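Colleague: Input structure.cif, format and content: mmCIF, C-alpha atoms.
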```cif
data_query
loop_
_atom_site.group_PDB
_atom_site.id
_atom_site.type_symbol
_atom_site.label_atom_id
_atom_site.label_comp_id
_atom_site.auth_asym_id
_atom_site.auth_seq_id
_atom_site.Cartn_x
_atom_site.Cartn_y
_atom_site.Cartn_z
ATOM 1 C CA MET A 851 160.865 60.984 65.494
ATOM 2 C CA MET A 852 164.466 62.090 65.828
ATOM 3 C CA VAL A 853 165.516 60.476 62.543
ATOM 4 C CA PRO A 854 163.238 62.537 60.218
ATOM 5 C CA ALA A 855 164.307 65.708 62.023
ATOM 6 C CA ALA A 856 167.974 64.739 61.717
ATOM 7 C CA LEU A 857 167.533 64.103 58.012
ATOM 8 C CA LEU A 858 165.921 67.504 57.485
ATOM 9 C CA LEU A 859 168.722 69.170 59.443
ATOM 10 C CA LEU A 860 171.333 67.291 57.415
ATOM 11 C CA GLY A 861 169.681 68.283 54.135
ATOM 12 C CA ALA A 862 169.472 71.950 55.179
ATOM 13 C CA LEU A 863 173.111 71.918 56.277
ATOM 14 C CA ALA A 864 174.245 70.413 52.958
ATOM 15 C CA ALA A 865 172.109 72.882 50.988
ATOM 16 C CA VAL A 866 173.765 75.862 52.692
ATOM 17 C CA VAL A 867 177.340 74.694 53.302
ATOM 18 C CA ALA A 868 178.116 72.694 50.130
ATOM 19 C CA PRO A 869 177.784 75.629 47.665
ATOM 20 C CA ARG A 870 180.091 77.760 49.825
ATOM 21 C CA LEU A 871 182.718 75.042 50.068
ATOM 22 C CA LEU A 872 182.652 74.411 46.320
ATOM 23 C CA ALA A 873 182.809 78.145 45.593
ATOM 24 C CA ARG A 874 185.999 78.441 47.657
ATOM 25 C CA ALA A 875 187.654 75.415 46.061
ATOM 26 C CA ASP A 876 190.252 76.087 43.379
ATOM 27 C CA TRP A 877 189.945 72.778 41.520
ATOM 28 C CA PRO A 878 186.469 72.826 39.807
ATOM 29 C CA ASP A 879 187.756 74.917 36.877
ATOM 30 C CA ARG A 880 190.721 72.573 36.529
ATOM 31 C CA GLU A 881 188.572 69.431 36.637
ATOM 32 C CA PRO A 882 185.076 70.346 35.376
ATOM 33 C CA VAL A 883 183.993 66.728 34.862
ATOM 34 C CA VAL A 884 184.800 65.873 38.480
ATOM 35 C CA ALA A 885 183.075 69.072 39.597
ATOM 36 C CA LEU A 886 179.939 68.103 37.668
ATOM 37 C CA TRP A 887 179.936 64.749 39.450
ATOM 38 C CA VAL A 888 180.404 66.383 42.873
ATOM 39 C CA TRP A 889 177.520 68.795 42.288
ATOM 40 C CA GLN A 890 175.218 65.971 41.221
ATOM 41 C CA CYS A 891 176.101 63.953 44.321
ATOM 42 C CA VAL A 892 175.469 66.934 46.628
ATOM 43 C CA VAL A 893 172.076 67.679 45.068
ATOM 44 C CA ALA A 894 171.172 63.972 45.167
ATOM 45 C CA ALA A 895 172.043 63.896 48.868
ATOM 46 C CA VAL A 896 169.806 66.892 49.614
ATOM 47 C CA LEU A 897 166.898 65.370 47.691
ATOM 48 C CA LEU A 898 167.485 62.001 49.380
ATOM 49 C CA CYS A 899 167.355 63.644 52.815
ATOM 50 C CA CYS A 900 163.967 65.127 51.968
ATOM 51 C CA ALA A 901 162.622 61.873 50.495
ATOM 52 C CA LEU A 902 163.699 59.754 53.479
ATOM 53 C CA SER A 903 162.402 62.294 55.970
ATOM 54 C CA MET A 904 159.052 62.376 54.155
ATOM 55 C CA THR A 905 158.831 58.571 54.161
ATOM 56 C CA LEU A 906 159.598 58.192 57.863
ATOM 57 C CA SER A 907 157.324 61.108 58.788
ATOM 58 C CA ALA A 908 154.477 59.551 56.829
ATOM 59 C CA ALA A 909 155.142 56.221 58.545
ATOM 60 C CA ALA A 910 154.896 57.959 61.911
ATOM 61 C CA ALA A 911 151.673 59.749 60.997
ATOM 62 C CA TRP A 912 149.698 56.946 59.343
ATOM 63 C CA MET A 913 149.618 53.251 60.190
ATOM 64 C CA ALA A 914 148.874 52.262 56.591
ATOM 65 C CA VAL A 915 152.109 53.865 55.410
ATOM 66 C CA ARG A 916 154.002 52.345 58.335
ATOM 67 C CA GLY A 917 152.886 48.895 57.285
ATOM 68 C CA HIS A 918 154.223 49.405 53.775
ATOM 69 C CA VAL A 919 157.510 50.964 54.903
ATOM 70 C CA PHE A 920 158.455 48.482 57.594
ATOM 71 C CA GLY A 921 156.556 45.452 56.306
ATOM 72 C CA SER A 922 157.545 42.400 58.330
ATOM 73 C CA ALA A 923 160.347 44.130 60.222
ATOM 74 C CA PRO A 924 160.742 43.017 63.859
ATOM 75 C CA ARG A 925 158.995 45.039 66.509
ATOM 76 C CA SER A 926 162.330 46.172 67.921
ATOM 77 C CA VAL A 927 163.198 47.857 64.604
ATOM 78 C CA VAL A 928 159.923 49.786 64.530
ATOM 79 C CA ASP A 929 160.361 50.821 68.172
ATOM 80 C CA ALA A 930 163.874 52.075 67.427
ATOM 81 C CA TYR A 931 162.441 54.881 65.301
ATOM 82 C CA ALA A 932 159.985 56.039 68.023
ATOM 83 C CA LEU A 933 157.324 56.615 65.389
ATOM 84 C CA SER A 934 154.503 56.885 67.920
ATOM 85 C CA THR A 935 155.862 60.195 69.220
ATOM 86 C CA GLY A 936 155.399 62.087 65.961
ATOM 87 C CA GLY A 937 151.849 63.326 66.309
ATOM 88 C CA THR A 938 150.668 66.265 64.217
ATOM 89 C CA TRP A 939 154.229 67.356 63.455
ATOM 90 C CA ALA A 940 154.893 64.134 61.527
ATOM 91 C CA ALA A 941 151.794 64.505 59.345
ATOM 92 C CA THR A 942 152.562 68.170 58.640
ATOM 93 C CA THR A 943 156.149 67.384 57.692
ATOM 94 C CA ALA A 944 155.138 64.483 55.453
ATOM 95 C CA VAL A 945 152.508 66.532 53.621
ATOM 96 C CA ALA A 946 154.857 69.506 53.177
ATOM 97 C CA LEU A 947 157.658 67.344 51.800
ATOM 98 C CA ALA A 948 155.250 65.456 49.544
ATOM 99 C CA CYS A 949 154.034 68.764 48.129
ATOM 100 C CA GLY A 950 157.651 69.758 47.577
ATOM 101 C CA GLY A 951 158.293 66.522 45.705
ATOM 102 C CA ALA A 952 155.208 67.011 43.539
ATOM 103 C CA TRP A 953 156.251 70.589 42.830
ATOM 104 C CA THR A 954 159.728 69.405 41.809
ATOM 105 C CA ALA A 955 158.246 66.857 39.401
ATOM 106 C CA ALA A 956 155.953 69.527 37.957
ATOM 107 C CA MET A 957 158.848 71.940 37.431
ATOM 108 C CA LEU A 958 160.918 69.244 35.739
ATOM 109 C CA ALA A 959 158.004 68.300 33.479
ATOM 110 C CA ARG A 960 157.469 71.956 32.591
ATOM 111 C CA GLU A 961 161.160 72.410 31.816
ATOM 112 C CA VAL A 962 161.207 69.346 29.546
ATOM 113 C CA VAL A 963 158.013 70.433 27.746
ATOM 114 C CA ARG A 964 159.403 73.928 27.202
ATOM 115 C CA ALA A 965 162.714 72.543 25.952
ATOM 116 C CA ARG A 966 160.941 70.317 23.454
ATOM 117 C CA ALA A 967 158.794 73.232 22.307
ATOM 118 C CA ARG A 968 161.904 75.384 21.814
ATOM 119 C CA ARG A 969 163.540 72.529 19.914
ATOM 120 C CA ARG A 970 160.527 72.131 17.613
ATOM 121 C CA GLN A 971 160.467 75.882 17.002
ATOM 122 C CA ARG A 972 164.164 75.968 16.153
ATOM 123 C CA ARG A 973 163.785 73.001 13.800
ATOM 124 C CA ALA A 974 160.864 74.730 12.095
ATOM 125 C CA GLU A 975 162.920 77.917 11.740
ATOM 126 C CA LEU A 976 165.804 75.834 10.437
ATOM 127 C CA LEU A 977 163.558 74.280 7.795
ATOM 128 C CA VAL A 978 162.432 77.746 6.712
ATOM 129 C CA ARG A 979 165.983 79.082 6.456
ATOM 130 C CA ALA A 980 167.367 75.886 4.886
ATOM 131 C CA PRO A 981 164.443 74.335 2.978
ATOM 132 C CA LEU A 982 164.667 71.018 1.200
ATOM 133 C CA LEU A 983 165.141 71.226 -2.548
ATOM 134 C CA PRO A 984 162.484 69.747 -4.858
ATOM 135 C CA GLY A 985 162.801 65.968 -4.758
ATOM 136 C CA GLU A 986 165.185 66.073 -1.779
ATOM 137 C CA GLU A 987 164.383 63.730 1.090
ATOM 138 C CA PRO A 988 165.159 64.565 4.727
ATOM 139 C CA GLY A 989 168.382 62.785 5.655
ATOM 140 C CA PRO A 990 170.432 62.162 8.764
ATOM 141 C CA ASP A 991 172.857 64.998 7.948
ATOM 142 C CA ARG A 992 174.626 66.106 11.100
ATOM 143 C CA LEU A 993 175.883 69.404 9.664
ATOM 144 C CA VAL A 994 173.583 72.143 8.387
ATOM 145 C CA VAL A 995 174.958 75.362 6.891
ATOM 146 C CA LEU A 996 172.831 78.512 7.042
ATOM 147 C CA GLU A 997 173.290 81.810 5.270
ATOM 148 C CA GLY A 998 174.073 84.395 7.912
ATOM 149 C CA GLU A 999 176.203 87.478 8.501
ATOM 150 C CA ARG A 1000 176.759 86.639 12.162
ATOM 151 C CA PRO A 1001 179.256 83.882 13.008
ATOM 152 C CA ASP A 1002 177.420 81.296 15.047
ATOM 153 C CA ALA A 1003 177.306 77.560 15.659
ATOM 154 C CA TRP A 1004 175.069 75.490 17.901
ATOM 155 C CA TRP A 1005 174.086 71.898 18.516
ATOM 156 C CA LEU A 1006 170.437 71.002 18.010
ATOM 157 C CA PRO A 1007 169.704 67.904 20.147
ATOM 158 C CA GLY A 1008 166.952 65.402 19.464
ATOM 159 C CA ALA A 1009 166.364 62.066 17.777
ATOM 160 C CA ALA A 1010 168.476 63.276 14.829
ATOM 161 C CA PRO A 1011 170.944 65.765 16.378
ATOM 162 C CA GLN A 1012 172.497 68.328 14.085
ATOM 163 C CA LEU A 1013 175.251 70.913 14.219
ATOM 164 C CA VAL A 1014 174.050 74.188 12.708
ATOM 165 C CA ILE A 1015 176.660 76.662 11.526
ATOM 166 C CA THR A 1016 176.381 79.918 9.607
ATOM 167 C CA THR A 1017 178.316 80.866 6.498
ATOM 168 C CA ALA A 1018 179.890 83.742 8.430
ATOM 169 C CA ALA A 1019 181.299 81.214 10.901
ATOM 170 C CA LEU A 1020 182.652 79.119 8.039
ATOM 171 C CA ARG A 1021 184.458 82.174 6.699
ATOM 172 C CA ARG A 1022 185.879 82.933 10.124
ATOM 173 C CA LEU A 1023 186.931 79.460 11.249
ATOM 174 C CA LYS A 1024 190.249 78.397 9.791
ATOM 175 C CA GLY A 1025 191.960 75.043 9.505
ATOM 176 C CA ARG A 1026 190.863 72.621 12.192
ATOM 177 C CA GLN A 1027 188.846 75.213 14.132
ATOM 178 C CA LEU A 1028 185.611 73.992 12.530
ATOM 179 C CA ASP A 1029 186.422 70.418 13.603
ATOM 180 C CA ALA A 1030 187.133 71.689 17.122
ATOM 181 C CA VAL A 1031 183.735 73.430 17.277
ATOM 182 C CA LEU A 1032 182.054 70.229 16.064
ATOM 183 C CA ALA A 1033 183.906 68.202 18.718
ATOM 184 C CA HIS A 1034 182.861 70.700 21.396
ATOM 185 C CA GLU A 1035 179.179 70.409 20.503
ATOM 186 C CA GLN A 1036 179.401 66.636 20.174
ATOM 187 C CA GLY A 1037 180.875 66.562 23.676
ATOM 188 C CA HIS A 1038 177.701 68.198 24.965
ATOM 189 C CA ALA A 1039 175.593 65.584 23.158
ATOM 190 C CA ARG A 1040 177.601 62.561 24.342
ATOM 191 C CA ALA A 1041 177.545 63.649 27.988
ATOM 192 C CA ARG A 1042 173.829 64.556 27.817
ATOM 193 C CA HIS A 1043 174.520 67.979 29.237
ATOM 194 C CA ASP A 1044 171.041 69.081 28.175
ATOM 195 C CA TRP A 1045 169.511 66.885 30.882
ATOM 196 C CA LEU A 1046 171.792 68.381 33.525
ATOM 197 C CA LEU A 1047 170.684 71.842 32.449
ATOM 198 C CA HIS A 1048 167.000 70.835 32.506
ATOM 199 C CA CYS A 1049 167.227 69.351 36.008
ATOM 200 C CA SER A 1050 169.183 72.267 37.443
ATOM 201 C CA ALA A 1051 166.777 74.779 35.890
ATOM 202 C CA ALA A 1052 163.748 72.905 37.253
ATOM 203 C CA LEU A 1053 165.132 72.812 40.799
ATOM 204 C CA ALA A 1054 166.251 76.451 40.766
ATOM 205 C CA THR A 1055 162.926 77.612 39.322
ATOM 206 C CA GLY A 1056 160.858 75.572 41.762
ATOM 207 C CA PHE A 1057 162.914 76.491 44.837
ATOM 208 C CA PRO A 1058 164.716 79.780 44.117
ATOM 209 C CA GLN A 1059 165.448 80.421 47.807
ATOM 210 C CA VAL A 1060 167.409 77.178 48.307
ATOM 211 C CA PRO A 1061 171.111 78.088 47.909
ATOM 212 C CA VAL A 1062 172.270 74.720 46.599
ATOM 213 C CA PHE A 1063 169.728 74.680 43.768
ATOM 214 C CA ALA A 1064 170.471 78.246 42.644
ATOM 215 C CA ALA A 1065 174.215 77.560 42.695
ATOM 216 C CA PHE A 1066 173.651 74.224 40.944
ATOM 217 C CA ARG A 1067 172.012 75.922 37.959
ATOM 218 C CA GLY A 1068 174.700 78.591 37.688
ATOM 219 C CA GLU A 1069 177.558 76.130 37.912
ATOM 220 C CA MET A 1070 176.023 73.688 35.445
ATOM 221 C CA HIS A 1071 175.932 76.301 32.678
ATOM 222 C CA ARG A 1072 179.585 77.121 33.297
ATOM 223 C CA LEU A 1073 180.992 73.664 33.956
ATOM 224 C CA VAL A 1074 179.365 71.933 30.975
ATOM 225 C CA GLU A 1075 181.073 74.463 28.681
ATOM 226 C CA LEU A 1076 184.438 73.894 30.354
ATOM 227 C CA ALA A 1077 183.984 70.125 30.107
ATOM 228 C CA ALA A 1078 183.113 70.350 26.402
ATOM 229 C CA ASP A 1079 186.118 72.623 25.844
ATOM 230 C CA ASP A 1080 188.358 69.991 27.402
ATOM 231 C CA MET A 1081 186.847 67.222 25.261
ATOM 232 C CA ALA A 1082 187.537 69.204 22.093
ATOM 233 C CA SER A 1083 191.015 70.309 23.180
ATOM 234 C CA ARG A 1084 192.137 66.721 23.730
ATOM 235 C CA ARG A 1085 191.654 66.069 20.008
ATOM 236 C CA PHE A 1086 192.520 69.413 18.434
ATOM 237 C CA GLY A 1087 194.554 71.292 21.019
ATOM 238 C CA ARG A 1088 193.726 74.067 23.470
ATOM 239 C CA LEU A 1089 194.915 76.832 21.144
ATOM 240 C CA THR A 1090 192.631 75.668 18.330
ATOM 241 C CA ILE A 1091 189.453 75.712 20.414
ATOM 242 C CA ALA A 1092 190.466 79.032 22.030
ATOM 243 C CA LEU A 1093 190.907 80.677 18.620
ATOM 244 C CA ALA A 1094 187.576 79.225 17.475
ATOM 245 C CA LEU A 1095 185.857 80.775 20.520
ATOM 246 C CA VAL A 1096 187.429 84.140 19.723
ATOM 247 C CA GLU A 1097 186.355 83.983 16.081
ATOM 248 C CA LEU A 1098 182.761 83.078 16.963
ATOM 249 C CA ASN A 1099 182.341 85.664 19.731
ATOM 250 C CA GLU A 1100 184.553 88.589 18.717
ATOM 251 C CA ASP A 1101 181.678 90.641 17.267
ATOM 252 C CA ARG A 1102 179.360 90.096 20.251
ATOM 253 C CA GLY A 1103 181.194 92.416 22.624
ATOM 254 C CA VAL A 1104 182.033 89.670 25.093
ATOM 255 C CA PHE A 1105 185.671 90.777 25.235
ATOM 256 C CA GLY A 1106 184.799 94.378 26.097
ATOM 257 C CA PRO A 1107 184.681 96.035 29.526
ATOM 258 C CA CYS A 1108 180.870 95.854 29.880
ATOM 259 C CA PRO A 1109 179.258 92.589 31.064
ATOM 260 C CA THR A 1110 177.322 90.675 28.414
ATOM 261 C CA PRO A 1111 175.324 87.407 28.369
ATOM 262 C CA GLY A 1112 178.488 85.692 27.118
ATOM 263 C CA ALA A 1113 180.723 87.083 29.845
ATOM 264 C CA HIS A 1114 182.077 83.613 30.598
ATOM 265 C CA VAL A 1115 183.709 83.331 27.154
ATOM 266 C CA PRO A 1116 186.824 85.418 28.025
ATOM 267 C CA GLN A 1117 187.416 83.229 31.078
ATOM 268 C CA ARG A 1118 187.126 80.127 28.923
ATOM 269 C CA VAL A 1119 189.621 81.518 26.407
ATOM 270 C CA HIS A 1120 192.052 82.526 29.156
ATOM 271 C CA ARG A 1121 191.768 79.073 30.711
ATOM 272 C CA LEU A 1122 192.519 77.398 27.378
ATOM 273 C CA LEU A 1123 195.515 79.632 26.685
ATOM 274 C CA THR A 1124 197.149 79.002 30.056
ATOM 275 C CA PRO A 1125 199.078 75.760 30.623
ATOM 276 C CA PRO A 1126 196.817 72.971 31.913
ATOM 277 C CA ASP A 1127 197.070 72.496 35.670
ATOM 278 C CA ARG A 1128 195.151 69.274 36.216
ATOM 279 C CA LEU A 1129 194.910 67.395 39.472
ATOM 280 C CA THR A 1130 196.772 64.154 39.843
ATOM 281 C CA ALA A 1131 194.898 60.977 38.983
ATOM 282 C CA ALA A 1132 194.989 59.915 42.645
ATOM 283 C CA ARG A 1133 193.371 63.154 43.806
ATOM 284 C CA ARG A 1134 190.723 62.961 41.080
ATOM 285 C CA LEU A 1135 189.936 59.437 42.241
ATOM 286 C CA ARG A 1136 189.704 60.549 45.879
ATOM 287 C CA LEU A 1137 187.363 63.415 45.016
ATOM 288 C CA THR A 1138 185.171 61.138 42.909
ATOM 289 C CA ALA A 1139 184.973 58.508 45.654
ATOM 290 C CA ALA A 1140 184.314 61.103 48.363
ATOM 291 C CA ALA A 1141 181.503 62.649 46.319
ATOM 292 C CA ALA A 1142 179.951 59.226 45.749
ATOM 293 C CA LEU A 1143 179.824 58.744 49.525
ATOM 294 C CA VAL A 1144 177.875 61.970 50.113
ATOM 295 C CA PRO A 1145 174.456 60.459 49.185
ATOM 296 C CA VAL A 1146 175.305 57.481 51.397
ATOM 297 C CA ILE A 1147 175.258 59.655 54.536
ATOM 298 C CA PRO A 1148 171.445 60.164 54.516
ATOM 299 C CA LEU A 1149 171.021 56.410 54.030
ATOM 300 C CA LEU A 1150 173.211 55.728 57.058
ATOM 301 C CA VAL A 1151 171.254 58.217 59.158
ATOM 302 C CA ALA A 1152 167.990 56.592 58.099
ATOM 303 C CA PHE A 1153 169.037 52.947 58.555
ATOM 304 C CA VAL A 1154 171.402 53.031 61.532
ATOM 305 C CA PRO A 1155 168.619 52.902 64.191
ATOM 306 C CA GLY A 1156 167.104 49.813 62.587
ATOM 307 C CA LEU A 1157 170.477 48.131 62.101
ATOM 308 C CA ARG A 1158 171.425 48.910 65.680
ATOM 309 C CA ALA A 1159 168.182 47.362 66.906
ATOM 310 C CA LEU A 1160 168.919 44.216 64.908
ATOM 311 C CA GLY A 1161 172.477 44.107 66.192
#
```
How would this structure read if it were set down as structure tokens?
Modeller:
Amino acid sequence: MMVPAALLLLGALAAVVAPRLLARADWPDREPVVALWVWQCVVAAVLLCCALSMTLSAAAAWMAVRGHVFGSAPRSVVDAYALSTGGTWAATTAVALACGGAWTAAMLAREVVRARARRRQRRAELLVRAPLLPGEEPGPDRLVVLEGERPDAWWLPGAAPQLVITTAALRRLKGRQLDAVLAHEQGHARARHDWLLHCSAALATGFPQVPVFAAFRGEMHRLVELAADDMASRRFGRLTIALALVELNEDRGVFGPCPTPGAHVPQRVHRLLTPPDRLTAARRLRLTAAAALVPVIPLLVAFVPGLRALG
């Protein structure tokens, strides 16, 4: 029963240490896409540790589960895991982790249901504020203009995604700034950032005391905006998207001394106005490959005893 315990210890260590290491690193703001990948790999590794520990604990506690897990594996492989020494601890661990998995699935389902409800509500409000004219049929228009005194623009995901923009924003945005805003929102849609936000919110809501999940949610909201900024700036320039951000958020007080819900906007503008300081392609490749190996570590811990017995 050492392997399930080792997996739990490894998962707890990753959940505590990984957020601190990433918080101290200076490269996530420079390479938000790589940082998104690293965070996903770390969270996947933590969840994989829990899933493997639950499986092996259940195999130690109940013979029926052991038969399904090990199947026709040689006796030496089964003996290598010392499953007969688990006792009550194995059953307790398996049940606790199974409940945690069910709770995670419930939180994710709740988050998706709430997101769809919010989307339906916003589409209904959009139809009220921009009704179809007599004889007009609903079309696949990607751009919807609303009358409004507040400059605003947002992407409405779904089967027929749309960019909604107010007339005040149209008056504010000059030249190619409108195209830059559209490219920014389309970047969110192409990368499916909404699913990253749903998953991070579900994990942080279900397990608020787990450091990696709380940090995962906070970083996702920040990094997806930086990644979308970079996507838009590649086509229209960093200055264009920075000026568009200023025009859209100037009246919201985000550039004042008091913190606001949009407090990250000044940092985004400052980042866009400073010269890009990207990592080299070789270092980006090394970080990507190293992150991909993180979920492999729990698999090695779980399978090494069996492979050693076969060897």
Colleague: Write out as a VMD selection string the residues lying within 7 Å of stretch 1070-1074 of chain A, counting only C-alpha atoms and excluding same-chain residues fewer than 6 positions away.
Modeller: chain A and resid 882 886 1043 1047
Colleague: Apply the PyMOL selection byres ((chain A and resi 1160) around 10) to the file shown and report the selected residues as a PyMOL selection string.
Modeller: chain A and resi 923-924+926-927+930+1154-1159+1161
Colleague: Can you measure atom CA of A:Met852 to atom CA of A:Gly917 for me? One decimal in Å is fine.
Modeller: 19.5 Å
Colleague: Go through A:Glu1069, A:Asp1044, A:Asp1127, A:Asp1029 and flag the residue nearest A:Arg1085, using all atoms listed in the file for the distances.
Modeller: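 Of the candidates, the smallest distance to A:Arg1085 is held by A:Asp1029.
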Colleague: Can you spell out as an MDAnalysis selection string the set of residues that the PyMOL selection byres ((chain A and resi 1143) around 12) selects in the structure I just provided?
Modeller: chainID A and resid 887:888 890:892 894:895 1136:1142 1144:1150
Colleague: Assuming the chain letters and numbering stay as they are in my file, what does the PyMOL selection byres ((chain A and resi 1080) around 10) actually select? List them as number ranges by chain.
Modeller: A: 880-883, 1033-1034, 1037, 1074-1079, 1081-1088, 1091, 1122
Colleague: Around (184.0, 84.4, 19.8) in the file's own coordinates, what residues are found within 12 Å if you use only C-alpha atoms, given back as a short mmCIF file (atom, residue, chain, number, x, y, z; two decimals) with C-alpha atoms, in the frame of the given file?
Modeller:
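Ended up saving to point_8.cif:
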```cif
data_model
loop_
_atom_site.label_atom_id
_atom_site.label_comp_id
_atom_site.auth_asym_id
_atom_site.auth_seq_id
_atom_site.Cartn_x
_atom_site.Cartn_y
_atom_site.Cartn_z
CA ARG A 1000 176.76 86.64 12.16
CA PRO A 1001 179.26 83.88 13.01
CA ASP A 1002 177.42 81.30 15.05
CA ALA A 1003 177.31 77.56 15.66
CA ALA A 1019 181.30 81.21 10.90
CA ARG A 1022 185.88 82.93 10.12
CA LEU A 1023 186.93 79.46 11.25
CA GLN A 1027 188.85 75.21 14.13
CA VAL A 1031 183.74 73.43 17.28
CA ILE A 1091 189.45 75.71 20.41
CA ALA A 1092 190.47 79.03 22.03
CA LEU A 1093 190.91 80.68 18.62
CA ALA A 1094 187.58 79.22 17.48
CA LEU A 1095 185.86 80.78 20.52
CA VAL A 1096 187.43 84.14 19.72
CA GLU A 1097 186.36 83.98 16.08
CA LEU A 1098 182.76 83.08 16.96
CA ASN A 1099 182.34 85.66 19.73
CA GLU A 1100 184.55 88.59 18.72
CA ASP A 1101 181.68 90.64 17.27
CA ARG A 1102 179.36 90.10 20.25
CA GLY A 1103 181.19 92.42 22.62
CA VAL A 1104 182.03 89.67 25.09
CA PHE A 1105 185.67 90.78 25.24
CA GLY A 1106 184.80 94.38 26.10
CA GLY A 1112 178.49 85.69 27.12
CA ALA A 1113 180.72 87.08 29.84
CA HIS A 1114 182.08 83.61 30.60
CA VAL A 1115 183.71 83.33 27.15
CA PRO A 1116 186.82 85.42 28.02
CA GLN A 1117 187.42 83.23 31.08
CA ARG A 1118 187.13 80.13 28.92
CA VAL A 1119 189.62 81.52 26.41
#
```
Colleague: By how many Å are atom CA of A:Leu993 and atom CA of A:Gly1025 apart?
Modeller: 17.0 Å
Colleague: Using all atoms listed in the file for the distances, tell me which of A:Gly951, A:Pro854, A:Pro869, A:Gly998 is nearest to A:Phe1063.
Modeller: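 Of A:Gly951, A:Pro854, A:Pro869, A:Gly998, the one nearest A:Phe1063, counting all atoms listed in the file, is A:Pro869.
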Colleague: Excluding same-chain residues fewer than 2 positions from A:Ala911, what lies within 12 Å of it counting all atoms listed in the file, as a list in words?
Modeller: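 Here the answer would be Met851, Pro854, Met904, Thr905, Leu906, Ser907, Ala908, Ala909, Met913, Ala914, Val915, Arg916, Gly917, Ala932, Leu933, Ser934, Thr935, Gly936, Gly937, Thr938, Trp939, Ala940, Ala941, Thr942, Thr943, Ala944 and Val945 of chain A.
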Colleague: Report the distance between atom CA of A:Val853 and atom CA of A:Trp889 in Å, rounded to one decimal place.
Modeller: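 Taking atom CA of A:Val853 and atom CA of A:Trp889, their separation equals 25.0 Å.
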Colleague: In terms of the shortest atom-to-atom distance over all atoms listed in the file, which of A:Val1062, A:Ala856, A:Ala885, A:Ala901 is closest to A:Leu947?
Modeller: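 That would be A:Ala901, the residue with the smallest distance to A:Leu947.
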Colleague: Can you find the residues with an atom no farther than 12 Å from (172.5, 73.8, 19.2), counting only C-alpha atoms, and report them as a ChimeraX atom specification?
Modeller: /A:965,968-969,972-973,976,992-994,1002-1008,1011-1015,1031-1032,1034-1039,1043-1044
Colleague: Using only C-alpha atoms for the distances, tell me which of A:Ala1052, A:Pro1061, A:Leu977, A:Thr1017 is nearest to A:Leu996.
Modeller: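 Result for the nearest residue to A:Leu996: A:Thr1017.
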Colleague: For each of A:Leu1135, A:Leu1129, A:Cys949, A:Leu860, take the minimum atom-to-atom distance to A:Pro878, counting all atoms listed in the file, then give the residue where this is smallest.
Modeller: A:Leu1129
Colleague: Which of these, A:Ala1051, A:Ala875, A:Val884, A:Ala864, has the shortest distance to A:Met957 once you count only C-alpha atoms?
Modeller: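 Among A:Ala1051, A:Ala875, A:Val884, A:Ala864, it is A:Ala1051 that comes nearest to A:Met957.
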Colleague: Reconstruct N, CA, C and O atoms of stretch 1050-1058 of chain A; output as an mmCIF file, in the coordinates of the input.
Modeller:
```cif
data_model
loop_
_atom_site.group_PDB
_atom_site.id
_atom_site.type_symbol
_atom_site.label_atom_id
_atom_site.label_comp_id
_atom_site.auth_asym_id
_atom_site.auth_seq_id
_atom_site.Cartn_x
_atom_site.Cartn_y
_atom_site.Cartn_z
ATOM 1 N N SER A 1050 168.753 71.142 36.615
ATOM 2 C CA SER A 1050 169.183 72.267 37.443
ATOM 3 C C SER A 1050 168.223 73.445 37.308
ATOM 4 O O SER A 1050 167.919 74.122 38.289
ATOM 5 N N ALA A 1051 167.731 73.686 36.087
ATOM 6 C CA ALA A 1051 166.777 74.779 35.890
ATOM 7 C C ALA A 1051 165.467 74.501 36.610
ATOM 8 O O ALA A 1051 164.865 75.400 37.204
ATOM 9 N N ALA A 1052 165.003 73.251 36.582
ATOM 10 C CA ALA A 1052 163.748 72.905 37.253
ATOM 11 C C ALA A 1052 163.859 73.107 38.761
ATOM 12 O O ALA A 1052 162.961 73.678 39.393
ATOM 13 N N LEU A 1053 164.957 72.667 39.347
ATOM 14 C CA LEU A 1053 165.132 72.812 40.799
ATOM 15 C C LEU A 1053 165.271 74.282 41.194
ATOM 16 O O LEU A 1053 164.689 74.720 42.191
ATOM 17 N N ALA A 1054 166.049 75.043 40.426
ATOM 18 C CA ALA A 1054 166.251 76.451 40.766
ATOM 19 C C ALA A 1054 164.975 77.267 40.564
ATOM 20 O O ALA A 1054 164.697 78.197 41.318
ATOM 21 N N THR A 1055 164.184 76.901 39.555
ATOM 22 C CA THR A 1055 162.926 77.612 39.322
ATOM 23 C C THR A 1055 161.891 77.264 40.386
ATOM 24 O O THR A 1055 161.155 78.129 40.869
ATOM 25 N N GLY A 1056 161.833 75.988 40.762
ATOM 26 C CA GLY A 1056 160.858 75.572 41.762
ATOM 27 C C GLY A 1056 161.188 76.038 43.162
ATOM 28 O O GLY A 1056 160.292 76.335 43.947
ATOM 29 N N PHE A 1057 162.495 76.125 43.484
ATOM 30 C CA PHE A 1057 162.914 76.491 44.837
ATOM 31 C C PHE A 1057 164.028 77.542 44.741
ATOM 32 O O PHE A 1057 165.195 77.256 45.043
ATOM 33 N N PRO A 1058 163.676 78.756 44.339
ATOM 34 C CA PRO A 1058 164.716 79.780 44.117
ATOM 35 C C PRO A 1058 165.434 80.215 45.389
ATOM 36 O O PRO A 1058 166.524 80.779 45.308
#
```
